[in-house]
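Pasted below: data_15.txt, compact mmCIF, C-alpha atoms.
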```
# COMPACT_ATOMS: atom_id res chain seq x y z
CA MET S 11 101.11 -38.79 -36.69
CA MET S 12 99.47 -41.34 -34.40
CA PRO S 13 97.34 -43.93 -36.21
CA THR S 14 93.58 -43.74 -35.67
CA SER S 15 93.50 -47.04 -33.83
CA ASP S 16 96.05 -45.77 -31.32
CA ARG S 17 94.45 -42.37 -30.83
CA MET S 18 93.64 -41.53 -27.22
CA SER S 19 89.90 -41.67 -26.59
CA LEU S 20 87.61 -40.86 -23.71
CA PRO S 21 85.77 -43.59 -21.75
CA VAL S 22 82.29 -44.04 -23.13
CA SER S 23 80.61 -47.25 -21.93
CA ASP S 24 81.15 -50.91 -21.18
CA PRO S 25 83.44 -52.72 -23.61
CA SER S 26 81.83 -54.97 -26.15
CA PRO S 27 81.88 -58.73 -25.60
CA GLN S 28 84.70 -59.05 -28.13
CA GLN S 29 86.78 -56.59 -26.13
CA ARG S 30 86.16 -58.07 -22.71
CA GLY S 31 88.78 -60.77 -23.15
CA GLY S 32 91.52 -58.18 -23.62
CA ALA S 33 90.24 -55.65 -21.14
CA ALA S 34 92.83 -53.70 -19.28
CA ALA S 35 93.31 -53.82 -15.56
CA GLY S 36 91.14 -50.73 -15.21
CA GLU S 37 88.12 -52.81 -16.31
CA GLN S 38 88.55 -55.31 -13.49
CA ARG S 39 86.25 -55.41 -10.48
CA LEU S 40 87.15 -53.11 -7.62
CA PHE S 41 87.25 -55.99 -5.15
CA LYS S 42 86.81 -59.71 -5.28
CA GLY S 43 83.06 -60.32 -5.49
CA SER S 44 82.30 -56.68 -6.24
CA THR S 45 79.50 -55.91 -8.69
CA MET S 46 81.10 -52.58 -9.70
CA THR S 47 84.10 -51.99 -11.94
CA SER S 48 86.69 -49.29 -11.31
CA ARG S 49 85.30 -47.33 -14.26
CA GLY S 50 81.85 -47.61 -12.74
CA ALA S 51 83.16 -46.16 -9.49
CA TYR S 52 84.90 -43.31 -11.32
CA ALA S 53 81.65 -42.58 -13.19
CA ALA S 54 79.68 -42.41 -9.93
CA VAL S 55 82.20 -40.10 -8.24
CA SER S 56 82.42 -37.91 -11.35
CA TYR S 57 78.64 -37.53 -11.45
CA MET S 58 78.43 -36.45 -7.81
CA SER S 59 81.30 -33.96 -8.19
CA CYS S 60 79.87 -32.37 -11.35
CA ALA S 61 76.33 -32.29 -9.94
CA VAL S 62 77.34 -30.45 -6.76
CA MET S 63 79.41 -27.88 -8.66
CA LEU S 64 76.67 -27.36 -11.28
CA VAL S 65 74.04 -26.68 -8.60
CA LEU S 66 76.27 -24.00 -7.09
CA PHE S 67 76.89 -22.28 -10.45
CA ASN S 68 73.20 -22.46 -11.38
CA LYS S 69 72.35 -21.05 -7.97
CA ALA S 70 74.77 -18.19 -8.59
CA ALA S 71 73.20 -17.42 -11.99
CA LEU S 72 69.57 -17.66 -10.85
CA SER S 73 69.90 -16.11 -7.39
CA SER S 74 73.02 -13.97 -7.19
CA TYR S 75 72.45 -12.45 -10.65
CA SER S 76 68.64 -12.94 -10.58
CA PHE S 77 68.55 -14.42 -14.09
CA PRO S 78 64.83 -14.75 -15.00
CA SER S 79 64.66 -18.14 -16.78
CA ALA S 80 66.00 -21.55 -15.85
CA ASN S 81 64.70 -22.87 -19.20
CA VAL S 82 67.06 -20.60 -21.13
CA ILE S 83 70.02 -21.79 -19.06
CA THR S 84 69.00 -25.37 -19.88
CA LEU S 85 68.79 -24.41 -23.58
CA PHE S 86 72.26 -22.81 -23.49
CA GLN S 87 73.65 -25.91 -21.80
CA MET S 88 72.10 -28.18 -24.42
CA ILE S 89 73.46 -26.06 -27.31
CA CYS S 90 76.95 -26.08 -25.78
CA SER S 91 76.83 -29.84 -25.21
CA CYS S 92 75.88 -30.50 -28.84
CA SER S 93 78.60 -28.09 -30.00
CA PHE S 94 81.24 -29.85 -27.88
CA LEU S 95 80.12 -33.25 -29.16
CA TYR S 96 80.15 -32.07 -32.79
CA ILE S 97 83.70 -30.70 -32.51
CA LEU S 98 85.04 -33.73 -30.65
CA ARG S 99 83.43 -36.12 -33.14
CA ARG S 100 84.55 -34.09 -36.17
CA TRP S 101 88.13 -34.19 -34.88
CA LYS S 102 87.70 -37.96 -34.28
CA ILE S 103 88.53 -37.63 -30.59
CA ILE S 104 85.37 -39.51 -29.69
CA SER S 105 82.98 -41.94 -31.33
CA PHE S 106 79.21 -42.23 -30.96
CA THR S 107 79.10 -46.03 -31.16
CA SER S 108 80.24 -48.78 -28.83
CA GLY S 109 83.08 -51.13 -29.69
CA ASP S 110 85.33 -50.70 -32.71
CA THR S 111 84.79 -47.24 -34.25
CA SER S 112 85.75 -48.54 -37.69
CA SER S 113 82.91 -51.06 -37.73
CA SER S 114 79.44 -50.23 -38.92
CA SER S 115 76.02 -51.81 -38.84
CA SER S 116 72.79 -51.50 -40.73
CA SER S 117 71.20 -49.43 -37.99
CA ILE S 118 74.07 -47.08 -37.16
CA THR S 119 75.93 -44.79 -39.54
CA ASP S 120 78.86 -43.28 -37.63
CA ASN S 121 80.32 -41.45 -40.62
CA SER S 122 82.48 -38.38 -40.10
CA ASN S 123 81.33 -36.99 -43.46
CA SER S 124 77.72 -36.92 -42.25
CA THR S 125 76.31 -33.82 -40.59
CA THR S 126 74.39 -35.79 -37.98
CA PHE S 127 76.94 -38.67 -37.74
CA LEU S 128 74.03 -41.09 -37.14
CA SER S 129 71.31 -42.55 -39.32
CA LEU S 130 67.66 -41.52 -39.17
CA GLN S 131 66.82 -45.03 -38.00
CA THR S 132 69.09 -44.59 -34.97
CA LEU S 133 67.49 -41.24 -34.12
CA ILE S 134 64.05 -42.84 -34.28
CA GLN S 135 65.27 -45.71 -32.09
CA THR S 136 66.47 -43.25 -29.43
CA SER S 137 63.42 -40.97 -29.64
CA PRO S 138 61.85 -42.55 -26.48
CA LEU S 139 64.90 -41.27 -24.58
CA ALA S 140 64.25 -37.70 -25.79
CA LEU S 141 60.54 -38.00 -24.96
CA THR S 142 61.17 -39.24 -21.43
CA TYR S 143 63.78 -36.49 -20.91
CA LEU S 144 61.27 -33.78 -21.90
CA LEU S 145 58.60 -35.26 -19.62
CA TYR S 146 61.14 -35.53 -16.79
CA MET S 147 62.27 -31.93 -17.27
CA LEU S 148 58.75 -30.46 -17.41
CA ALA S 149 57.48 -32.49 -14.43
CA THR S 150 60.55 -31.60 -12.35
CA MET S 151 60.16 -27.86 -13.00
CA GLU S 152 56.44 -27.96 -12.16
CA SER S 153 56.90 -30.09 -9.02
CA VAL S 154 58.68 -27.29 -7.13
CA ARG S 155 55.69 -24.94 -7.27
CA GLY S 156 53.11 -26.58 -4.99
CA VAL S 157 55.26 -28.11 -2.23
CA ASN S 158 57.55 -26.50 0.33
CA VAL S 159 61.26 -27.26 0.11
CA PRO S 160 61.58 -29.76 3.03
CA MET S 161 58.61 -31.80 1.78
CA TYR S 162 59.82 -31.57 -1.81
CA THR S 163 63.18 -33.01 -0.78
CA THR S 164 61.42 -35.73 1.22
CA LEU S 165 59.16 -36.83 -1.62
CA ARG S 166 61.92 -36.66 -4.24
CA ARG S 167 64.02 -39.08 -2.18
CA THR S 168 61.39 -41.75 -2.90
CA THR S 169 62.48 -41.68 -6.57
CA VAL S 170 64.77 -44.64 -5.89
CA VAL S 171 61.73 -46.84 -5.12
CA PHE S 172 60.07 -45.86 -8.39
CA THR S 173 63.36 -46.50 -10.22
CA MET S 174 63.67 -50.01 -8.81
CA PHE S 175 60.08 -50.75 -9.83
CA VAL S 176 60.50 -49.37 -13.37
CA GLU S 177 63.78 -51.28 -13.86
CA PHE S 178 62.02 -54.47 -12.79
CA ILE S 179 59.19 -53.83 -15.28
CA LEU S 180 61.41 -52.82 -18.22
CA ILE S 181 64.45 -55.07 -17.90
CA GLY S 182 63.56 -57.54 -15.13
CA GLN S 183 66.24 -56.21 -12.75
CA LYS S 184 66.09 -57.73 -9.25
CA TYR S 185 67.90 -56.63 -6.09
CA SER S 186 69.05 -58.40 -2.94
CA ARG S 187 67.40 -57.93 0.46
CA SER S 188 70.37 -55.93 1.71
CA VAL S 189 70.03 -53.44 -1.17
CA ILE S 190 66.27 -53.17 -0.61
CA GLY S 191 66.91 -52.59 3.11
CA SER S 192 69.36 -49.78 2.43
CA VAL S 193 66.84 -48.14 0.08
CA GLY S 194 64.18 -48.44 2.79
CA LEU S 195 66.50 -46.64 5.22
CA ILE S 196 66.99 -43.80 2.69
CA VAL S 197 63.23 -43.35 2.29
CA PHE S 198 62.66 -43.52 6.06
CA GLY S 199 65.35 -40.89 6.61
CA ALA S 200 63.72 -38.65 3.99
CA PHE S 201 60.38 -38.72 5.83
CA VAL S 202 62.13 -38.05 9.16
CA ALA S 203 63.82 -35.02 7.60
CA GLY S 204 60.50 -33.63 6.34
CA SER S 205 58.30 -34.70 9.25
CA ARG S 206 57.83 -31.15 10.54
CA ASP S 207 56.30 -30.11 7.22
CA LEU S 208 53.72 -32.84 6.61
CA SER S 209 51.19 -30.39 5.15
CA PHE S 210 49.13 -32.28 2.60
CA ASP S 211 48.56 -30.76 -0.82
CA ALA S 212 46.93 -33.22 -3.22
CA TYR S 213 48.00 -31.41 -6.40
CA GLY S 214 51.54 -30.69 -5.16
CA TYR S 215 52.07 -34.26 -3.96
CA SER S 216 50.73 -35.75 -7.19
CA ILE S 217 53.04 -33.57 -9.33
CA VAL S 218 56.08 -34.53 -7.23
CA PHE S 219 55.23 -38.24 -7.53
CA LEU S 220 54.71 -37.73 -11.27
CA SER S 221 58.18 -36.18 -11.34
CA ASN S 222 59.53 -39.24 -9.51
CA ILE S 223 57.91 -41.56 -12.04
CA THR S 224 59.25 -39.61 -15.05
CA THR S 225 62.74 -39.52 -13.48
CA ALA S 226 62.67 -43.29 -12.95
CA ILE S 227 61.45 -43.92 -16.50
CA TYR S 228 64.12 -41.57 -17.91
CA LEU S 229 66.98 -43.30 -16.08
CA ALA S 230 65.68 -46.78 -16.91
CA THR S 231 65.32 -45.73 -20.57
CA ILE S 232 68.96 -44.62 -20.62
CA SER S 233 69.97 -48.02 -19.27
CA ARG S 234 67.80 -49.95 -21.74
CA ILE S 235 68.53 -47.93 -24.90
CA GLY S 236 72.21 -47.69 -24.00
CA LYS S 237 72.43 -51.48 -24.10
CA SER S 238 70.24 -52.06 -27.18
CA SER S 239 71.05 -49.20 -29.56
CA GLY S 240 74.80 -49.77 -30.00
CA LEU S 241 75.46 -46.17 -28.94
CA ASN S 242 77.86 -45.16 -26.21
CA SER S 243 77.36 -42.31 -23.73
CA PHE S 244 78.38 -39.65 -26.27
CA GLY S 245 76.04 -41.05 -28.89
CA LEU S 246 73.11 -41.04 -26.46
CA MET S 247 73.88 -37.45 -25.47
CA TRP S 248 74.06 -36.41 -29.13
CA CYS S 249 70.70 -37.97 -30.02
CA ASN S 250 69.07 -36.54 -26.93
CA GLY S 251 70.43 -33.06 -27.68
CA ILE S 252 69.48 -32.78 -31.34
CA LEU S 253 65.99 -34.19 -30.67
CA CYS S 254 65.24 -32.13 -27.55
CA GLY S 255 66.99 -28.90 -28.55
CA PRO S 256 64.40 -27.69 -31.11
CA VAL S 257 61.54 -28.56 -28.74
CA LEU S 258 63.13 -26.63 -25.88
CA LEU S 259 63.86 -23.68 -28.18
CA PHE S 260 60.20 -23.56 -29.24
CA TRP S 261 59.10 -23.83 -25.60
CA THR S 262 61.24 -20.90 -24.46
CA LEU S 263 60.06 -18.87 -27.47
CA ILE S 264 56.32 -19.24 -26.83
CA ARG S 265 56.77 -18.64 -23.06
CA GLY S 266 58.62 -15.38 -23.69
CA ASP S 267 61.79 -16.59 -21.94
CA LEU S 268 64.01 -15.51 -24.84
CA ARG S 269 62.58 -11.97 -24.73
CA MET S 270 63.25 -11.78 -20.98
CA THR S 271 66.80 -12.98 -21.62
CA MET S 272 67.44 -10.24 -24.17
CA ASP S 273 66.18 -7.66 -21.65
CA PHE S 274 68.35 -9.05 -18.83
CA PRO S 275 70.65 -6.18 -17.72
CA TYR S 276 73.64 -8.37 -16.82
CA LEU S 277 73.53 -10.58 -19.92
CA PHE S 278 76.94 -9.39 -21.18
CA ALA S 279 78.47 -8.67 -17.76
CA PRO S 280 81.85 -10.49 -17.51
CA GLY S 281 81.00 -12.11 -14.19
CA PHE S 282 77.67 -13.48 -15.40
CA MET S 283 79.17 -14.71 -18.68
CA ILE S 284 81.88 -16.61 -16.76
CA VAL S 285 79.27 -18.21 -14.49
CA LEU S 286 77.11 -19.15 -17.51
CA LEU S 287 80.09 -20.58 -19.43
CA LEU S 288 81.21 -22.70 -16.47
CA SER S 289 77.61 -23.81 -15.96
CA CYS S 290 77.42 -24.98 -19.59
CA MET S 291 80.73 -26.83 -19.36
CA LEU S 292 79.70 -28.54 -16.12
CA ALA S 293 76.32 -29.46 -17.63
CA PHE S 294 78.14 -31.23 -20.48
CA LEU S 295 80.29 -33.17 -18.02
CA LEU S 296 77.27 -33.88 -15.82
CA ASN S 297 75.17 -35.26 -18.68
CA TYR S 298 78.10 -37.39 -19.81
CA SER S 299 78.60 -38.77 -16.30
CA ILE S 300 74.84 -39.47 -15.93
CA PHE S 301 74.77 -41.52 -19.14
CA LEU S 302 78.06 -43.22 -18.26
CA ASN S 303 77.08 -43.98 -14.67
CA THR S 304 73.66 -45.33 -15.69
CA THR S 305 75.02 -47.56 -18.46
CA LEU S 306 78.07 -48.81 -16.53
CA ASN S 307 76.21 -49.35 -13.26
CA SER S 308 72.40 -49.07 -13.12
CA ALA S 309 69.56 -46.57 -12.90
CA VAL S 310 69.22 -47.28 -9.17
CA THR S 311 72.93 -46.59 -8.60
CA GLN S 312 72.48 -43.28 -10.41
CA THR S 313 69.56 -42.40 -8.13
CA ILE S 314 71.52 -43.34 -4.99
CA CYS S 315 74.39 -41.14 -6.19
CA GLY S 316 71.85 -38.34 -6.50
CA ASN S 317 70.89 -38.84 -2.84
CA LEU S 318 74.54 -38.73 -1.77
CA LYS S 319 75.04 -35.65 -3.89
CA ASP S 320 72.20 -33.90 -2.04
CA LEU S 321 74.09 -34.13 1.25
CA PHE S 322 77.14 -32.34 -0.17
CA THR S 323 74.93 -29.84 -2.02
CA ILE S 324 73.06 -28.93 1.17
CA SER S 325 76.31 -28.54 3.11
CA LEU S 326 78.07 -26.38 0.49
CA GLY S 327 74.89 -24.41 -0.20
CA TRP S 328 74.58 -23.57 3.49
CA MET S 329 78.25 -22.52 3.59
CA PHE S 330 78.13 -20.29 0.47
CA PHE S 331 74.52 -19.08 0.34
CA GLY S 332 73.17 -19.57 3.87
CA GLY S 333 69.44 -19.39 4.59
CA LEU S 334 69.10 -22.94 5.96
CA PRO S 335 67.84 -22.98 9.60
CA PHE S 336 69.08 -25.73 11.92
CA ASP S 337 66.52 -28.46 12.68
CA LEU S 338 67.38 -31.60 14.62
CA LEU S 339 64.89 -33.86 12.81
CA ASN S 340 66.14 -32.62 9.45
CA VAL S 341 69.73 -33.36 10.44
CA MET S 342 68.78 -36.83 11.74
CA GLY S 343 66.86 -37.59 8.55
CA GLN S 344 69.72 -36.46 6.35
CA LEU S 345 72.11 -38.60 8.42
CA LEU S 346 69.87 -41.67 8.03
CA GLY S 347 69.71 -41.05 4.27
CA PHE S 348 73.49 -40.74 4.13
CA ILE S 349 73.92 -44.00 6.08
CA GLY S 350 71.44 -45.75 3.76
CA SER S 351 73.29 -44.48 0.69
CA GLY S 352 76.58 -45.57 2.22
CA LEU S 353 75.20 -49.06 2.90
CA TYR S 354 73.96 -49.31 -0.69
CA ALA S 355 77.42 -48.31 -1.95
CA TYR S 356 78.99 -50.93 0.35
CA PHE S 357 76.67 -53.68 -0.89
CA LYS S 358 77.27 -52.61 -4.49
CA LEU S 359 81.06 -52.51 -4.13
CA PHE S 360 81.44 -55.75 -2.21
CA GLY S 361 78.62 -57.65 -3.87
CA LYS S 362 76.69 -58.38 -0.68
```

For the structure just supplied, provide its representation as C-alpha cells.
Amino acid sequence: MMPTSDRMSLPVSDPSPQQRGGAAAGEQRLFKGSTMTSRGAYAAVSYMSCAVMLVLFNKAALSSYSFPSANVITLFQMICSCSFLYILRRWKIISFTSGDTSSSSSSITDNSNSTTFLSLQTLIQTSPLALTYLLYMLATMESVRGVNVPMYTTLRRTTVVFTMFVEFILIGQKYSRSVIGSVGLIVFGAFVAGSRDLSFDAYGYSIVFLSNITTAIYLATISRIGKSSGLNSFGLMWCNGILCGPVLLFWTLIRGDLRMTMDFPYLFAPGFMIVLLLSCMLAFLLNYSIFLNTTLNSAVTQTICGNLKDLFTISLGWMFFGGLPFDLLNVMGQLLGFIGSGLYAYFKLFGK
C-alpha cells in the first residue's frame, strides 16, 4: 500500500513558502516574465469550461424541463459538493489545509476522526466568506427581475471595475496601465452591446450594481481568506458549504420551493435526474475551479474569465437553444469585450 506522503492528491492552492524551493516544473511560470503559473492557467481554463457546461445543464433543467426553482437546484448542488468533499476527505484523497497535511496549527484542526474536519475557530474565521456568498447569491437572483437581458449583461460586465476597486481597498492590489486599459475596453464593449436597450430603471439598475458590488466583495474575500486562513480550495469550499447549506435550506423551506419540488411531475424522470446529477457534479467542479482560480491568480482574473466564458455561453446557447436575434451593435460590443479580455490575458501571461 502506498504511504500517505506519496498518495496522489488533487491540486488545491499555491504551495507554501517551504515548498516553493522544491516546486516541480509544473509550478514554474508559463513564460519568462509571466505573472501566471501553469497551474494558474489550468485553473482559469477549467473554470471557463465548467461554467459554460453548467449553464447549459441548468438551462436544460429550468427551461427544457420547466423546473420551478433555481434555489432548490443550488441547494442540491451544495449538498452534493459537501458530500463529495466529505467522502474525499474521509478517504484521505484530499486535505482541507495548505502545505503539509500532517502538520497542524492552533487555529486549524484537520483531523480525519472529526466530523467537521475543522475547528470551530476556523469556521468562525471563514464566516465572512459564507456571508458574502449569501449576499452575492441573493443580489444576483434579484438583479435579473427589473432589467432586460441585454442591459443586464451590459451592467454585469462592469463587475470587473468593482472587483479592482474592492481588491485595492482590501489587500492593496494595484494594476498596470495596460491591464486597466484592457478592462476599460471590456466595459466599453459591454455598453456598445447594450446601447439599443438604454431604458433607465432606477430600482433595476441599483440592484444590478448591488449585485456587482457583492460579487466583487465575494471574490476578493475568497482571495483574502484563502491566503490568511491556512485553508486550501477544498477547505474553503467545505466551510462555505456547511455554513451556507442550512441557511439556503431554511430559505427554500419558507419560500415554498421544496413543496413545489415535491409536486414537480418530472422529478423522478430518468432524463431530468441525469441532467440534475450532471449539474451537481459540474457545480462541484465549478466551485473548486473558482476558489482555485481566485487564490492562484486574482479576483480580477476570475472576473475576466467570467467575461470570456460569456462569449462561449452565448454562442453555444444560441446553437442549442436559439432565441437570440442578430444585432450588429451587440456583436460589435461582444467582440470588443472579447478583445479586451484577450488583451488582459496577454498582459497577465507575459507580465506586461

In Å and to one decimal, CA of Thr136 in chain S is distant from CA of Gln87 in chain S by 20.3 Å

Nearby residues (all atoms listed in the file) at most 9 Å from range 293-305 of chain S, same-chain spacing under 6 positions excluded, as an MDAnalysis selection string | chainID S and resid 21:24 49:61 64 84 87:88 90:92 94 229:230 232:234 236:237 242:244 246:247 311:312

Write a file of the selected residues as an mmCIF file, in the frame of the given file, keeping C-alpha atoms.
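Below is the file part-v2.cif, written as the result:
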```
data_model
loop_
_atom_site.group_PDB
_atom_site.id
_atom_site.type_symbol
_atom_site.label_atom_id
_atom_site.label_comp_id
_atom_site.auth_asym_id
_atom_site.auth_seq_id
_atom_site.Cartn_x
_atom_site.Cartn_y
_atom_site.Cartn_z
ATOM 1 C CA PRO S 21 85.770 -43.590 -21.750
ATOM 2 C CA VAL S 22 82.290 -44.040 -23.130
ATOM 3 C CA SER S 23 80.610 -47.250 -21.930
ATOM 4 C CA ASP S 24 81.150 -50.910 -21.180
ATOM 5 C CA ARG S 49 85.300 -47.330 -14.260
ATOM 6 C CA GLY S 50 81.850 -47.610 -12.740
ATOM 7 C CA ALA S 51 83.160 -46.160 -9.490
ATOM 8 C CA TYR S 52 84.900 -43.310 -11.320
ATOM 9 C CA ALA S 53 81.650 -42.580 -13.190
ATOM 10 C CA ALA S 54 79.680 -42.410 -9.930
ATOM 11 C CA VAL S 55 82.200 -40.100 -8.240
ATOM 12 C CA SER S 56 82.420 -37.910 -11.350
ATOM 13 C CA TYR S 57 78.640 -37.530 -11.450
ATOM 14 C CA MET S 58 78.430 -36.450 -7.810
ATOM 15 C CA SER S 59 81.300 -33.960 -8.190
ATOM 16 C CA CYS S 60 79.870 -32.370 -11.350
ATOM 17 C CA ALA S 61 76.330 -32.290 -9.940
ATOM 18 C CA LEU S 64 76.670 -27.360 -11.280
ATOM 19 C CA THR S 84 69.000 -25.370 -19.880
ATOM 20 C CA GLN S 87 73.650 -25.910 -21.800
ATOM 21 C CA MET S 88 72.100 -28.180 -24.420
ATOM 22 C CA CYS S 90 76.950 -26.080 -25.780
ATOM 23 C CA SER S 91 76.830 -29.840 -25.210
ATOM 24 C CA CYS S 92 75.880 -30.500 -28.840
ATOM 25 C CA PHE S 94 81.240 -29.850 -27.880
ATOM 26 C CA LEU S 229 66.980 -43.300 -16.080
ATOM 27 C CA ALA S 230 65.680 -46.780 -16.910
ATOM 28 C CA ILE S 232 68.960 -44.620 -20.620
ATOM 29 C CA SER S 233 69.970 -48.020 -19.270
ATOM 30 C CA ARG S 234 67.800 -49.950 -21.740
ATOM 31 C CA GLY S 236 72.210 -47.690 -24.000
ATOM 32 C CA LYS S 237 72.430 -51.480 -24.100
ATOM 33 C CA ASN S 242 77.860 -45.160 -26.210
ATOM 34 C CA SER S 243 77.360 -42.310 -23.730
ATOM 35 C CA PHE S 244 78.380 -39.650 -26.270
ATOM 36 C CA LEU S 246 73.110 -41.040 -26.460
ATOM 37 C CA MET S 247 73.880 -37.450 -25.470
ATOM 38 C CA THR S 311 72.930 -46.590 -8.600
ATOM 39 C CA GLN S 312 72.480 -43.280 -10.410
#
```

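Between CA of Ile97 in chain S and CA of Asp267 in chain S lies a distance of 28.1 Å.
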
Polymer residues at most 7 Å from Leu85 in chain S, only C-alpha atoms, same-chain spacing of 5 or more positions, as a compact mmCIF listing (two decimals) with C-alpha atoms, in the frame of the given file:
```
# COMPACT_ATOMS: atom_id res chain seq x y z
CA GLY S 255 66.99 -28.90 -28.55
CA LEU S 258 63.13 -26.63 -25.88
CA LEU S 259 63.86 -23.68 -28.18
```

Adding 6 Å on each side of the box along x, y and z that holds all listed atoms of range 103-107 of chain S, could you give its centre and edge lengths in Å to one decimal, as AutoDock Vina command-line options?
```
--center_x 83.8 --center_y -41.8 --center_z -30.5 --size_x 21.4 --size_y 20.4 --size_z 13.6
```

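For the pair CA of Leu165 in chain S and CA of Gly251 in chain S, the interatomic distance is 28.6 Å.
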
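Considering only C-alpha atoms, the residue among S:Ile252, S:Cys315, S:Leu268, S:Leu286 positioned nearest to Leu139 in chain S is S:Ile252.
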
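Minimum atom-to-atom distances from S:Ala212, S:Leu180, S:Leu195, S:Leu148 to Thr231 in chain S were compared using all atoms listed in the file, and the lowest value belongs to S:Leu180.
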
Restricting to only C-alpha atoms, whichever of S:Phe86, S:Phe198, S:Phe127, S:Tyr146 is closest to Pro256 in chain S is S:Phe86

Applying 9 Å and all atoms listed in the file, which residues near Met174 in chain S remain after dropping the ones on its own chain fewer than 5 positions away? List them as a PDB file with C-alpha atoms, in the frame of the given file.
```pdb
ATOM      1  CA  THR S 169      62.480 -41.680  -6.570  1.00  0.00           C
ATOM      2  CA  ILE S 179      59.190 -53.830 -15.280  1.00  0.00           C
ATOM      3  CA  GLN S 183      66.240 -56.210 -12.750  1.00  0.00           C
ATOM      4  CA  LYS S 184      66.090 -57.730  -9.250  1.00  0.00           C
ATOM      5  CA  TYR S 185      67.900 -56.630  -6.090  1.00  0.00           C
ATOM      6  CA  ALA S 226      62.670 -43.290 -12.950  1.00  0.00           C
ATOM      7  CA  ALA S 230      65.680 -46.780 -16.910  1.00  0.00           C
ATOM      8  CA  ALA S 309      69.560 -46.570 -12.900  1.00  0.00           C
ATOM      9  CA  VAL S 310      69.220 -47.280  -9.170  1.00  0.00           C
TER      10      VAL S 310
END
```
